[in-house]
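**Q** Structure file start11.pdb (PDB, C-alpha atoms and all ligand atoms) is given on the next line.
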```pdb
ATOM      1  CA  MET A 773       0.000   0.000   0.000
ATOM      2  CA  LEU A 774       1.340   3.421  -0.933
ATOM      3  CA  GLY A 775       1.493   6.692   0.992
ATOM      4  CA  GLN A 776      -0.308   9.836  -0.160
ATOM      5  CA  LEU A 777       2.750  11.258  -1.948
ATOM      6  CA  ASP A 778       3.870   7.959  -3.445
ATOM      7  CA  HIS A 779       0.679   7.332  -5.340
ATOM      8  CA  CYS A 780       1.140  10.571  -7.301
ATOM      9  CA  GLU A 781       4.628   9.462  -8.344
ATOM     10  CA  ARG A 782       4.243   5.757  -9.088
ATOM     11  CA  ARG A 783       3.031   4.452 -12.430
ATOM     12  CA  PHE A 784      -0.261   2.633 -13.048
ATOM     13  CA  GLY A 785      -2.124   1.443 -16.128
ATOM     14  CA  VAL A 786      -4.827  -0.664 -17.724
ATOM     15  CA  LEU A 787      -3.829  -3.713 -19.758
ATOM     16  CA  GLY A 788      -6.156  -4.684 -22.614
ATOM     17  CA  TRP A 789      -6.486  -5.559 -26.282
ATOM     18  CA  PRO A 790      -8.255  -3.436 -27.361
ATOM     19  CA  VAL A 791      -7.982  -0.804 -24.653
ATOM     20  CA  SER A 792      -8.473   2.415 -26.626
ATOM     21  CA  HIS A 793     -12.083   2.593 -25.375
ATOM     22  CA  SER A 794     -11.096   2.510 -21.713
ATOM     23  CA  ARG A 795     -12.044   5.420 -19.489
ATOM     24  CA  SER A 796      -9.990   4.030 -16.602
ATOM     25  CA  PRO A 797      -7.139   6.486 -17.314
ATOM     26  CA  ALA A 798      -9.463   9.504 -17.011
ATOM     27  CA  MET A 799     -11.094   8.055 -13.884
ATOM     28  CA  MET A 800      -7.896   7.087 -12.101
ATOM     29  CA  ARG A 801      -6.050  10.292 -12.977
ATOM     30  CA  ALA A 802      -8.981  12.309 -11.631
ATOM     31  CA  ALA A 803      -8.784  10.232  -8.434
ATOM     32  CA  GLY A 804      -5.106  11.173  -8.029
ATOM     33  CA  LEU A 805      -3.139   8.473  -9.864
ATOM     34  CA  GLN A 806      -1.605  11.028 -12.186
ATOM     35  CA  ARG A 807       0.736   8.583 -13.952
ATOM     36  CA  TYR A 808      -1.982   6.146 -15.053
ATOM     37  CA  GLN A 809      -1.914   5.136 -18.741
ATOM     38  CA  ARG A 810      -3.399   2.765 -21.306
ATOM     39  CA  LEU A 811      -1.305  -0.359 -21.861
ATOM     40  CA  PRO A 812      -2.362  -1.856 -25.219
ATOM     41  CA  VAL A 813      -0.853  -5.331 -25.054
ATOM     42  CA  ALA A 814      -1.588  -8.187 -27.463
ATOM     43  CA  PRO A 815      -2.112 -11.635 -25.905
ATOM     44  CA  GLY A 816       1.187 -12.995 -27.306
ATOM     45  CA  VAL A 817       3.280 -10.468 -25.361
ATOM     46  CA  LEU A 818       1.180 -10.231 -22.176
ATOM     47  CA  HIS A 819       3.394 -12.422 -20.018
ATOM     48  CA  ASP A 820       6.665 -10.650 -20.823
ATOM     49  CA  THR A 821       5.092  -7.201 -20.616
ATOM     50  CA  VAL A 822       3.457  -7.824 -17.232
ATOM     51  CA  ARG A 823       6.696  -9.288 -15.874
ATOM     52  CA  ALA A 824       8.523  -6.083 -16.954
ATOM     53  CA  LEU A 825       6.064  -3.583 -15.468
ATOM     54  CA  GLY A 826       7.362  -3.627 -11.881
ATOM     55  CA  ALA A 827      10.938  -2.852 -12.948
ATOM     56  CA  ALA A 828       9.553  -0.099 -15.199
ATOM     57  CA  GLY A 829       8.191   1.708 -12.138
ATOM     58  CA  PHE A 830       4.602   0.467 -12.131
ATOM     59  CA  HIS A 831       2.852  -0.117  -8.806
ATOM     60  CA  GLY A 832      -0.384  -1.471 -10.254
ATOM     61  CA  ALA A 833      -2.325  -2.400 -13.369
ATOM     62  CA  ASN A 834      -5.971  -2.972 -14.069
ATOM     63  CA  VAL A 835      -6.727  -5.794 -16.480
ATOM     64  CA  THR A 836      -9.475  -5.834 -19.076
ATOM     65  CA  ILE A 837     -10.566  -7.767 -22.166
ATOM     66  CA  PRO A 838      -9.248 -10.405 -22.990
ATOM     67  CA  HIS A 839      -6.524 -10.772 -20.345
ATOM     68  CA  LYS A 840      -8.261 -11.384 -16.986
ATOM     69  CA  GLU A 841      -7.784 -15.139 -16.888
ATOM     70  CA  ALA A 842      -4.209 -14.949 -18.209
ATOM     71  CA  ALA A 843      -3.316 -12.219 -15.684
ATOM     72  CA  LEU A 844      -4.227 -14.504 -12.802
ATOM     73  CA  ALA A 845      -1.949 -17.214 -14.196
ATOM     74  CA  ILE A 846       0.991 -14.785 -14.461
ATOM     75  CA  ALA A 847       0.676 -13.498 -10.863
ATOM     76  CA  ASP A 848       2.767 -15.022  -8.063
ATOM     77  CA  THR A 849       0.027 -14.714  -5.438
ATOM     78  CA  ALA A 850      -3.716 -14.221  -5.583
ATOM     79  CA  SER A 851      -6.526 -13.441  -3.169
ATOM     80  CA  ASP A 852      -8.929 -16.276  -2.386
ATOM     81  CA  ALA A 853     -11.625 -14.502  -4.418
ATOM     82  CA  ALA A 854      -9.442 -14.075  -7.529
ATOM     83  CA  ARG A 855      -8.352 -17.718  -7.317
ATOM     84  CA  GLU A 856     -11.899 -19.015  -6.893
ATOM     85  CA  ILE A 857     -13.160 -16.761  -9.706
ATOM     86  CA  GLY A 858     -10.290 -17.794 -11.981
ATOM     87  CA  ALA A 859      -9.655 -14.245 -13.209
ATOM     88  CA  ALA A 860      -7.975 -11.037 -12.028
ATOM     89  CA  ASN A 861      -8.757  -7.426 -12.900
ATOM     90  CA  THR A 862      -6.136  -5.877 -10.592
ATOM     91  CA  LEU A 863      -2.408  -6.572 -10.368
ATOM     92  CA  THR A 864      -0.070  -5.046  -7.766
ATOM     93  CA  PHE A 865       3.697  -5.039  -8.323
ATOM     94  CA  GLY A 866       5.854  -5.448  -5.220
ATOM     95  CA  ASP A 867       9.282  -3.849  -4.823
ATOM     96  CA  ASP A 868      10.731  -7.382  -4.728
ATOM     97  CA  GLY A 869       9.417  -8.126  -8.239
ATOM     98  CA  SER A 870       6.408 -10.116  -7.041
ATOM     99  CA  ILE A 871       2.967  -9.739  -8.628
ATOM    100  CA  ALA A 872      -0.250 -10.054  -6.595
ATOM    101  CA  ALA A 873      -3.655 -10.623  -8.211
ATOM    102  CA  GLU A 874      -7.034  -9.396  -6.963
ATOM    103  CA  ASN A 875     -10.533  -9.266  -8.411
ATOM    104  CA  THR A 876     -12.589  -6.146  -7.680
ATOM    105  CA  ASP A 877     -15.131  -6.829 -10.446
ATOM    106  CA  ALA A 878     -17.070  -9.148  -8.105
ATOM    107  CA  PRO A 879     -17.563  -6.758  -5.149
ATOM    108  CA  GLY A 880     -17.842  -3.895  -7.651
ATOM    109  CA  LEU A 881     -20.919  -5.473  -9.231
ATOM    110  CA  LEU A 882     -22.580  -5.990  -5.832
ATOM    111  CA  ALA A 883     -21.837  -2.373  -4.859
ATOM    112  CA  ALA A 884     -23.301  -1.105  -8.146
ATOM    113  CA  LEU A 885     -26.484  -3.129  -7.498
ATOM    114  CA  GLY A 886     -26.842  -1.110  -4.302
ATOM    115  CA  GLY A 887     -27.551  -3.968  -1.898
ATOM    116  CA  THR A 888     -30.651  -5.142  -3.750
ATOM    117  CA  LEU A 889     -29.913  -8.753  -4.558
ATOM    118  CA  PRO A 890     -32.138 -10.696  -6.947
ATOM    119  CA  ALA A 891     -33.350 -14.253  -6.370
ATOM    120  CA  THR A 892     -32.509 -15.227  -9.961
ATOM    121  CA  ALA A 893     -30.063 -13.971 -12.596
ATOM    122  CA  LEU A 894     -29.055 -14.747 -16.165
ATOM    123  CA  VAL A 895     -25.436 -13.959 -17.022
ATOM    124  CA  LEU A 896     -24.489 -13.564 -20.701
ATOM    125  CA  GLY A 897     -20.883 -14.547 -21.403
ATOM    126  CA  ALA A 898     -18.246 -16.855 -19.966
ATOM    127  CA  GLY A 899     -15.048 -14.789 -20.052
ATOM    128  CA  GLY A 900     -13.132 -13.171 -17.218
ATOM    129  CA  SER A 901     -15.823 -10.712 -16.173
ATOM    130  CA  ALA A 902     -18.593 -13.342 -16.360
ATOM    131  CA  ARG A 903     -16.590 -15.505 -13.974
ATOM    132  CA  ALA A 904     -16.503 -12.643 -11.454
ATOM    133  CA  VAL A 905     -20.194 -11.835 -11.827
ATOM    134  CA  VAL A 906     -21.269 -15.490 -11.458
ATOM    135  CA  TRP A 907     -19.053 -15.867  -8.375
ATOM    136  CA  ALA A 908     -20.371 -12.660  -6.764
ATOM    137  CA  LEU A 909     -24.028 -13.476  -7.336
ATOM    138  CA  THR A 910     -23.865 -17.138  -6.310
ATOM    139  CA  HIS A 911     -21.985 -16.192  -3.116
ATOM    140  CA  ALA A 912     -24.718 -13.637  -2.421
ATOM    141  CA  GLY A 913     -27.355 -16.392  -2.683
ATOM    142  CA  THR A 914     -28.728 -15.693  -6.178
ATOM    143  CA  ALA A 915     -29.638 -18.643  -8.427
ATOM    144  CA  VAL A 916     -27.577 -17.983 -11.579
ATOM    145  CA  SER A 917     -27.811 -19.384 -15.112
ATOM    146  CA  VAL A 918     -25.331 -18.667 -17.893
ATOM    147  CA  TRP A 919     -25.724 -18.290 -21.647
ATOM    148  CA  ASN A 920     -22.635 -18.077 -23.846
ATOM    149  CA  ARG A 921     -22.022 -18.147 -27.602
ATOM    150  CA  THR A 922     -19.595 -21.008 -26.936
ATOM    151  CA  PRO A 923     -21.473 -23.245 -24.449
ATOM    152  CA  GLN A 924     -18.424 -25.441 -23.693
ATOM    153  CA  ARG A 925     -16.658 -22.447 -22.159
ATOM    154  CA  ALA A 926     -19.689 -21.655 -19.989
ATOM    155  CA  ARG A 927     -19.696 -25.155 -18.454
ATOM    156  CA  ALA A 928     -16.515 -24.295 -16.537
ATOM    157  CA  LEU A 929     -18.452 -21.709 -14.489
ATOM    158  CA  GLY A 930     -20.202 -24.368 -12.386
ATOM    159  CA  VAL A 931     -23.787 -23.091 -12.799
ATOM    160  CA  PRO A 932     -26.556 -24.219 -15.178
ATOM    161  CA  VAL A 933     -25.832 -23.384 -18.827
ATOM    162  CA  VAL A 934     -28.862 -22.477 -20.950
ATOM    163  CA  GLN A 935     -29.179 -22.833 -24.716
ATOM    164  CA  ARG A 936     -31.141 -19.600 -25.054
ATOM    165  CA  PRO A 937     -31.800 -16.682 -22.682
ATOM    166  CA  VAL A 938     -34.293 -17.551 -19.926
ATOM    167  CA  PRO A 939     -36.390 -15.171 -17.775
ATOM    168  CA  ALA A 940     -34.850 -13.964 -14.488
ATOM    169  CA  GLU A 941     -35.014 -10.969 -12.147
ATOM    170  CA  LEU A 942     -31.567  -9.765 -13.227
ATOM    171  CA  LEU A 943     -29.862  -9.843 -16.645
ATOM    172  CA  VAL A 944     -26.119  -9.090 -16.790
ATOM    173  CA  ASN A 945     -24.282  -8.711 -20.100
ATOM    174  CA  CYS A 946     -20.679  -9.825 -19.581
ATOM    175  CA  THR A 947     -19.915 -10.306 -23.283
ATOM    176  CA  SER A 948     -18.092  -7.708 -25.350
ATOM    177  CA  VAL A 949     -21.159  -7.293 -27.597
ATOM    178  CA  GLY A 950     -21.905  -3.577 -27.793
ATOM    179  CA  LEU A 951     -18.296  -2.493 -27.392
ATOM    180  CA  ASP A 952     -17.772  -2.132 -31.123
ATOM    181  CA  ARG A 953     -19.313   1.033 -32.567
ATOM    182  CA  SER A 954     -20.491  -0.921 -35.593
ATOM    183  CA  SER A 955     -22.694  -3.227 -33.476
ATOM    184  CA  THR A 956     -25.744  -1.046 -33.112
ATOM    185  CA  ASP A 957     -27.918  -3.767 -31.618
ATOM    186  CA  PHE A 958     -27.434  -6.912 -29.530
ATOM    187  CA  LYS A 959     -28.676  -9.628 -31.874
ATOM    188  CA  ASP A 960     -25.474 -11.616 -31.191
ATOM    189  CA  LEU A 961     -26.830 -12.197 -27.678
ATOM    190  CA  ALA A 962     -29.811 -14.260 -28.893
ATOM    191  CA  LEU A 963     -32.069 -11.685 -27.228
ATOM    192  CA  ASP A 964     -34.554  -9.379 -28.880
ATOM    193  CA  ALA A 965     -35.599  -6.050 -27.447
ATOM    194  CA  ASP A 966     -39.127  -7.212 -26.570
ATOM    195  CA  GLY A 967     -37.628 -10.165 -24.666
ATOM    196  CA  LEU A 968     -36.064  -7.702 -22.228
ATOM    197  CA  SER A 969     -39.433  -7.344 -20.468
ATOM    198  CA  GLU A 970     -38.688 -10.800 -18.950
ATOM    199  CA  TYR A 971     -36.190  -9.052 -16.609
ATOM    200  CA  THR A 972     -36.588  -6.503 -13.793
ATOM    201  CA  THR A 973     -33.028  -5.152 -13.828
ATOM    202  CA  VAL A 974     -30.558  -5.055 -16.730
ATOM    203  CA  VAL A 975     -26.831  -4.553 -16.168
ATOM    204  CA  ASP A 976     -24.432  -4.029 -19.081
ATOM    205  CA  LEU A 977     -20.734  -4.212 -18.259
ATOM    206  CA  VAL A 978     -19.976  -2.712 -21.657
ATOM    207  CA  TYR A 979     -19.870   1.062 -21.986
ATOM    208  CA  ARG A 980     -19.402   3.338 -24.961
ATOM    209  CA  ALA A 981     -20.168   6.884 -26.057
ATOM    210  CA  GLY A 982     -23.923   7.439 -26.139
ATOM    211  CA  GLY A 983     -24.644   4.290 -24.093
ATOM    212  CA  THR A 984     -25.236   0.756 -25.321
ATOM    213  CA  SER A 985     -28.280  -0.356 -27.227
ATOM    214  CA  LEU A 986     -29.029  -2.955 -24.533
ATOM    215  CA  ILE A 987     -29.288  -0.306 -21.799
ATOM    216  CA  GLN A 988     -31.247   2.084 -24.035
ATOM    217  CA  GLN A 989     -33.810  -0.583 -24.946
ATOM    218  CA  ALA A 990     -34.142  -1.726 -21.323
ATOM    219  CA  ALA A 991     -34.640   1.855 -20.113
ATOM    220  CA  GLU A 992     -37.284   2.460 -22.810
ATOM    221  CA  ARG A 993     -39.207  -0.498 -21.363
ATOM    222  CA  GLY A 994     -39.095   1.002 -17.868
ATOM    223  CA  LEU A 995     -36.631  -1.542 -16.465
ATOM    224  CA  HIS A 996     -34.086  -0.682 -13.779
ATOM    225  CA  THR A 997     -30.701  -0.339 -15.487
ATOM    226  CA  VAL A 998     -27.071  -0.219 -14.334
ATOM    227  CA  ASP A 999     -24.647   0.778 -17.066
ATOM    228  CA  GLY A1000     -21.000  -0.105 -17.601
ATOM    229  CA  LEU A1001     -19.789   3.266 -16.336
ATOM    230  CA  GLU A1002     -21.350   2.642 -12.913
ATOM    231  CA  ILE A1003     -19.672  -0.781 -12.821
ATOM    232  CA  LEU A1004     -16.377   0.822 -13.892
ATOM    233  CA  VAL A1005     -16.528   3.329 -11.034
ATOM    234  CA  SER A1006     -17.505   0.678  -8.455
ATOM    235  CA  GLN A1007     -14.642  -1.690  -9.274
ATOM    236  CA  GLY A1008     -12.216   1.208  -9.832
ATOM    237  CA  ALA A1009     -12.963   2.650  -6.399
ATOM    238  CA  LEU A1010     -12.095  -0.662  -4.731
ATOM    239  CA  THR A1011      -8.872  -0.921  -6.732
ATOM    240  CA  PHE A1012      -7.904   2.689  -5.868
ATOM    241  CA  THR A1013      -8.269   1.943  -2.145
ATOM    242  CA  LEU A1014      -6.334  -1.327  -2.484
ATOM    243  CA  TRP A1015      -3.390   0.504  -4.095
ATOM    244  CA  THR A1016      -3.386   3.670  -1.970
ATOM    245  CA  GLY A1017      -5.077   2.807   1.321
ATOM    246  CA  LEU A1018      -7.247   5.897   0.834
ATOM    247  CA  PRO A1019     -11.020   6.205   0.453
ATOM    248  CA  ALA A1020     -11.907   6.608  -3.210
ATOM    249  CA  PRO A1021     -13.284   9.999  -4.358
ATOM    250  CA  LEU A1022     -16.408   8.445  -5.883
ATOM    251  CA  GLN A1023     -18.067  11.626  -7.140
ATOM    252  CA  THR A1024     -14.855  12.789  -8.812
ATOM    253  CA  MET A1025     -14.387   9.395 -10.463
ATOM    254  CA  ARG A1026     -17.989   9.305 -11.661
ATOM    255  CA  ALA A1027     -17.738  12.804 -13.120
ATOM    256  CA  ALA A1028     -14.509  11.867 -14.913
ATOM    257  CA  VAL A1029     -15.968   8.805 -16.673
ATOM    258  CA  GLU A1030     -19.059  10.753 -17.726
ATOM    259  CA  ASP A1031     -16.999  13.642 -19.100
ATOM    260  CA  LYS A1032     -16.946  13.540 -22.927
ATOM    261  CA  ALA A1033     -13.295  14.559 -22.802
ATOM    262  CA  SER A1034     -12.497  11.168 -21.191
ATOM    263  CA  GLN A1035     -13.413   9.408 -24.452
ATOM    264  CA  PRO A1036     -10.281   8.743 -26.495
ATOM    265  CA  ARG A1037     -10.305  10.372 -29.938
ATOM    266  CA  VAL A1038      -7.583   8.299 -31.594
ATOM    267  CA  PRO A1039      -7.829   4.516 -31.196
ATOM    268  CA  ARG A1040      -4.464   2.911 -30.473
ATOM    269  CA  ALA A1041      -3.768  -0.665 -31.456
ATOM    270  CA  HIS A1042      -0.042  -1.274 -31.210
ATOM    271  CA  PRO A1043       1.492  -3.503 -28.538
ATOM    272  CA  LEU A1044       3.291  -1.617 -25.805
ATOM    273  CA  GLN A1045       6.997  -2.202 -25.325
ATOM    274  CA  VAL A1046       8.036  -1.726 -21.710
ATOM    275  CA  THR A1047      11.698  -2.331 -21.021
ATOM    276  CA  ASP A1048      12.755   0.225 -18.431
ATOM    277  CA  ARG A1049      11.615   3.308 -16.541
ATOM    278  CA  ARG A1050      12.121   5.628 -19.527
ATOM    279  CA  SER A1051      10.699   3.561 -22.370
ATOM    280  CA  ALA A1052       6.913   3.672 -21.785
ATOM    281  CA  ASP A1053       4.829   6.751 -22.510
ATOM    282  CA  PRO A1054       3.144   7.976 -19.340
ATOM    283  CA  GLY A1055       1.108  10.432 -21.331
ATOM    284  CA  SER A1056      -0.836   7.882 -23.407
TER     285      SER A1056
HETATM  286  P1  LIG B1101     -13.401 -11.911 -22.338
HETATM  287  O1  LIG B1101     -12.824 -12.673 -21.211
HETATM  288  O2  LIG B1101     -12.611 -11.746 -23.580
HETATM  289  O3  LIG B1101     -14.844 -12.584 -22.708
HETATM  290  C1  LIG B1101     -15.566 -12.113 -23.823
HETATM  291  C2  LIG B1101     -16.974 -12.707 -23.816
HETATM  292  O4  LIG B1101     -17.717 -12.078 -24.873
HETATM  293  C3  LIG B1101     -17.021 -14.216 -24.085
HETATM  294  O5  LIG B1101     -18.083 -14.783 -23.354
HETATM  295  C4  LIG B1101     -17.315 -14.258 -25.588
HETATM  296  O6  LIG B1101     -17.962 -15.436 -25.991
HETATM  297  C5  LIG B1101     -18.268 -13.097 -25.710
HETATM  298  N1  LIG B1101     -18.366 -12.574 -27.078
HETATM  299  C6  LIG B1101     -17.410 -11.878 -27.749
HETATM  300  N2  LIG B1101     -17.875 -11.543 -28.978
HETATM  301  C7  LIG B1101     -19.141 -12.048 -29.063
HETATM  302  C8  LIG B1101     -20.151 -12.019 -30.061
HETATM  303  N3  LIG B1101     -19.960 -11.412 -31.248
HETATM  304  N4  LIG B1101     -21.333 -12.613 -29.809
HETATM  305  C9  LIG B1101     -21.559 -13.220 -28.613
HETATM  306  N5  LIG B1101     -20.644 -13.273 -27.617
HETATM  307  C10 LIG B1101     -19.445 -12.688 -27.835
HETATM  308  O7  LIG B1101     -13.799 -10.416 -21.872
HETATM  309  P2  LIG B1101     -14.163  -9.879 -20.395
HETATM  310  O8  LIG B1101     -12.927  -9.431 -19.705
HETATM  311  O9  LIG B1101     -15.061 -10.873 -19.730
HETATM  312  O10 LIG B1101     -14.963  -8.541 -20.752
HETATM  313  C11 LIG B1101     -16.217  -8.607 -21.432
HETATM  314  C12 LIG B1101     -16.755  -7.186 -21.644
HETATM  315  O11 LIG B1101     -17.085  -6.593 -20.384
HETATM  316  C13 LIG B1101     -15.727  -6.248 -22.314
HETATM  317  O12 LIG B1101     -16.410  -5.455 -23.265
HETATM  318  C14 LIG B1101     -15.220  -5.399 -21.167
HETATM  319  O13 LIG B1101     -14.831  -4.113 -21.617
HETATM  320  C15 LIG B1101     -16.468  -5.316 -20.285
HETATM  321  N6  LIG B1101     -16.143  -5.086 -18.866
HETATM  322  C16 LIG B1101     -16.439  -3.879 -18.335
HETATM  323  C17 LIG B1101     -16.186  -3.650 -16.995
HETATM  324  C18 LIG B1101     -16.535  -2.319 -16.405
HETATM  325  O14 LIG B1101     -15.914  -1.925 -15.431
HETATM  326  N7  LIG B1101     -17.534  -1.638 -16.942
HETATM  327  C19 LIG B1101     -15.594  -4.636 -16.178
HETATM  328  C20 LIG B1101     -15.301  -5.859 -16.760
HETATM  329  C21 LIG B1101     -15.574  -6.073 -18.114
HETATM  330  P3  LIG B1101     -17.103 -16.746 -26.469
HETATM  331  O15 LIG B1101     -16.690 -17.474 -25.216
HETATM  332  O16 LIG B1101     -18.079 -17.497 -27.307
HETATM  333  O17 LIG B1101     -15.918 -16.228 -27.261
END
```
Write the structure described by the file as structure tokens, please.

**A**
Amino acid sequence: MLGQLDHCERRFGVLGWPVSHSRSPAMMRAAGLQRYQRLPVAPGVLHDTVRALGAAGFHGANVTIPHKEAALAIADTASDAAREIGAANTLTFGDDGSIAAENTDAPGLLAALGGTLPATALVLGAGGSARAVVWALTHAGTAVSVWNRTPQRARALGVPVVQRPVPAELLVNCTSVGLDRSSTDFKDLALDADGLSEYTTVVDLVYRAGGTSLIQQAAERGLHTVDGLEILVSQGALTFTLWTGLPAPLQTMRAAVEDKASQPRVPRAHPLQVTDRRSADPGS
């Protein structure tokens, strides 16, 4: 855990592929992690890049699509929750070169739901974030089913796998459908807009400028919605406190992710090379 001065000096980032969409840099810089940057890293170079980050002056990294499961495997130690979930969204680099894995997506989801826990839930997806959401909800006592484009992958989550979306109190989209600007609807999820009335609350982990079609359609039908920005702030606040030991400035973080200026204008797609303290670009 860092002191108040240290966390302004040390480096932080978000590892993903793609990661150009991420508003974590705007959110974390607003919270006080001034040297927080995007880390666009292709899967083939994830291991070597993550192993180099500590020596390059990084204290922590968030992990997003598609690296959450691989990040856990790279870490030297992991919290019980991250190990049970099988995915990490937060890495902390020790001064001795060690890497510790944590998962704040799970408690972040529960915080974003505001203490109202459903009896039943349908989770869409079976990747790293779906693992966290299934773990959080089942531990909270919710009966969870999973639908995934690739059903074999969903079977590893240890809850019933459905062939098509089934009615439930809560629907959570943990796929990346909606992330791409060209996907203007959510037909890849085997759901149609009218079918959304089968749910009371709809959560979309995906966020993008203008909101996702899934959240817009759910809101039009009068359903309770929680968008990806709220989830981003909830998990980010927990990560901020883990790294700094300080309470997270929630209102500041929320304002930063909602600010249009936090949306990157130029997508970046090249793998990051991190070799020493001077080689990475803290301004990206
Ligand atoms: P991941 O591990 O790569 O998993 C991706 C999931 O999306 C898989 O279930 C995959 O299905 C599914 N998928 C991808 N393309 C699809 C398509 N065209 N049709 C149907 N399903 C498709 O990614 P992740 O880390 O779980 O993240 C998933 C999404 O959640 C990302 O967009 C990420 O940005 C977002 N997220 C946001 C927050 C937040 O704070 N707001 C937190 C966590 C994640 P297959 O198994 O069939 O490939």

**Q** Find the residue from A:Val791, A:Ile846, A:Ala833, A:Leu943 that sits nearest to ligand LIG 1101 (chain B); use only C-alpha atoms and all ligand atoms when measuring.

**A**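 The answer is A:Val791, which sits nearest to ligand LIG 1101 (chain B).
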
**Q** Find the residue from A:Glu992, A:Met799, A:Ser985, A:Leu942 that sits nearest to Glu970 in chain A; use all atoms listed in the file when measuring.

**A**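 When distances to Glu970 in chain A are compared using all atoms listed in the file, the smallest one comes from A:Leu942.
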
**Q** By how many Å are CA of Arg810 in chain A and CA of Ala1028 in chain A apart?

**A**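 Separation between CA of Arg810 in chain A and CA of Ala1028 in chain A: 15.7 Å.
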
**Q** Please report the interatomic distance between atom N1 of ligand LIG 1101 (chain B) and CA of His996 in chain A in Å with one decimal.

**A**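 Interatomic distance, atom N1 of ligand LIG 1101 (chain B) to CA of His996 in chain A: 23.8 Å.
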
**Q** Applied to the shown file, which residues does the PyMOL selection byres (((chain A and resi 879) around 9) and not hetatm) return, written as JSON, numbers by chain?

**A** {"A": [875, 876, 877, 878, 880, 881, 882, 883, 884, 904, 905, 908, 1006, 1007, 1010]}

**Q** What is the CA of Gln989 in chain A-CA of Tyr971 in chain A distance in Å, reported with one decimal?

**A** 12.1 Å

**Q** Given a cut-off of 8 Å, what residues near ligand LIG 1101 (chain B) show up using all atoms listed in the file, put as a PyMOL selection string?

**A** chain A and resi 794+835-841+861+877+896-903+920-923+925-926+945-951+960-961+976-979+999-1008

**Q** Set the distance at 7 Å and use all atoms listed in the file: which residues neighbour Thr914 in chain A once local chain neighbours fewer than 4 positions away are removed? I'd like the list as a PyMOL selection string.

**A** chain A and resi 890-893+909-910

**Q** Neighbours of Val918 in chain A within 6 Å (only C-alpha atoms; same-chain residues fewer than 5 positions away dropped), as a list in words?

**A**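 That gives Leu894, Val895, Leu896 and Val933 of chain A.
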
**Q** Just need the box for range 844-856 of chain A, edges along x, y and z, holding every atom the file lists for it with 6 Å tacked onto each side, so centre and edge lengths in Å to one decimal, as JSON.

**A**
```
{"center_x": -4.6, "center_y": -16.2, "center_z": -8.4, "size_x": 26.7, "size_y": 17.6, "size_z": 24.1}
```

**Q** Here is a test: counting all atoms listed in the file, which residue of A:Ala962, A:Leu986, A:Gly886, A:Gly858 is nearest to Gly930 in chain A?

**A**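 Counting all atoms listed in the file, the residue closest to Gly930 in chain A is A:Gly858.
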
**Q** Which residue out of A:Gln924, A:Thr821, A:Ser917, A:Gln988 has the minimum interatomic distance to Val938 in chain A when only C-alpha atoms are used?

**A** A:Ser917

**Q** Point out the residue among A:Leu825, A:Val975, A:Ala1009, A:Leu844 with the least atom-to-atom distance to Glu856 in chain A, counting only C-alpha atoms.

**A**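 Looking only at the distances to Glu856 in chain A, the closest residue turns out to be A:Leu844.
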
**Q** Could you spell out the hits of the PyMOL selection byres (((chain A and resi 865-873) around 8) and not hetatm) on the shown file, as a VMD selection string?

**A** chain A and resid 825 to 827 830 to 832 843 to 844 846 to 851 854 860 to 864 874 to 875

**Q** For the structure shown, which residues end up in the PyMOL selection byres (((chain A and resi 783) around 9) and not hetatm)? Put them as a short mmCIF file (atom, residue, chain, number, x, y, z; two decimals) with C-alpha atoms, in the coordinates of the input, please?

**A**
```
data_model
loop_
_atom_site.label_atom_id
_atom_site.label_comp_id
_atom_site.auth_asym_id
_atom_site.auth_seq_id
_atom_site.Cartn_x
_atom_site.Cartn_y
_atom_site.Cartn_z
CA HIS A 779 0.68 7.33 -5.34
CA CYS A 780 1.14 10.57 -7.30
CA GLU A 781 4.63 9.46 -8.34
CA ARG A 782 4.24 5.76 -9.09
CA PHE A 784 -0.26 2.63 -13.05
CA GLY A 785 -2.12 1.44 -16.13
CA LEU A 805 -3.14 8.47 -9.86
CA GLN A 806 -1.60 11.03 -12.19
CA ARG A 807 0.74 8.58 -13.95
CA TYR A 808 -1.98 6.15 -15.05
CA GLN A 809 -1.91 5.14 -18.74
CA ALA A 828 9.55 -0.10 -15.20
CA GLY A 829 8.19 1.71 -12.14
CA PHE A 830 4.60 0.47 -12.13
CA HIS A 831 2.85 -0.12 -8.81
CA GLY A 832 -0.38 -1.47 -10.25
CA ALA A 833 -2.33 -2.40 -13.37
CA PRO A 1054 3.14 7.98 -19.34
#
```

**Q** Considering all atoms listed in the file, can you say which of A:Asn834, A:Ile857, A:Gln935, A:Thr1016 comes closest to Arg795 in chain A?

**A**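 Result for the nearest residue to Arg795 in chain A: A:Asn834.
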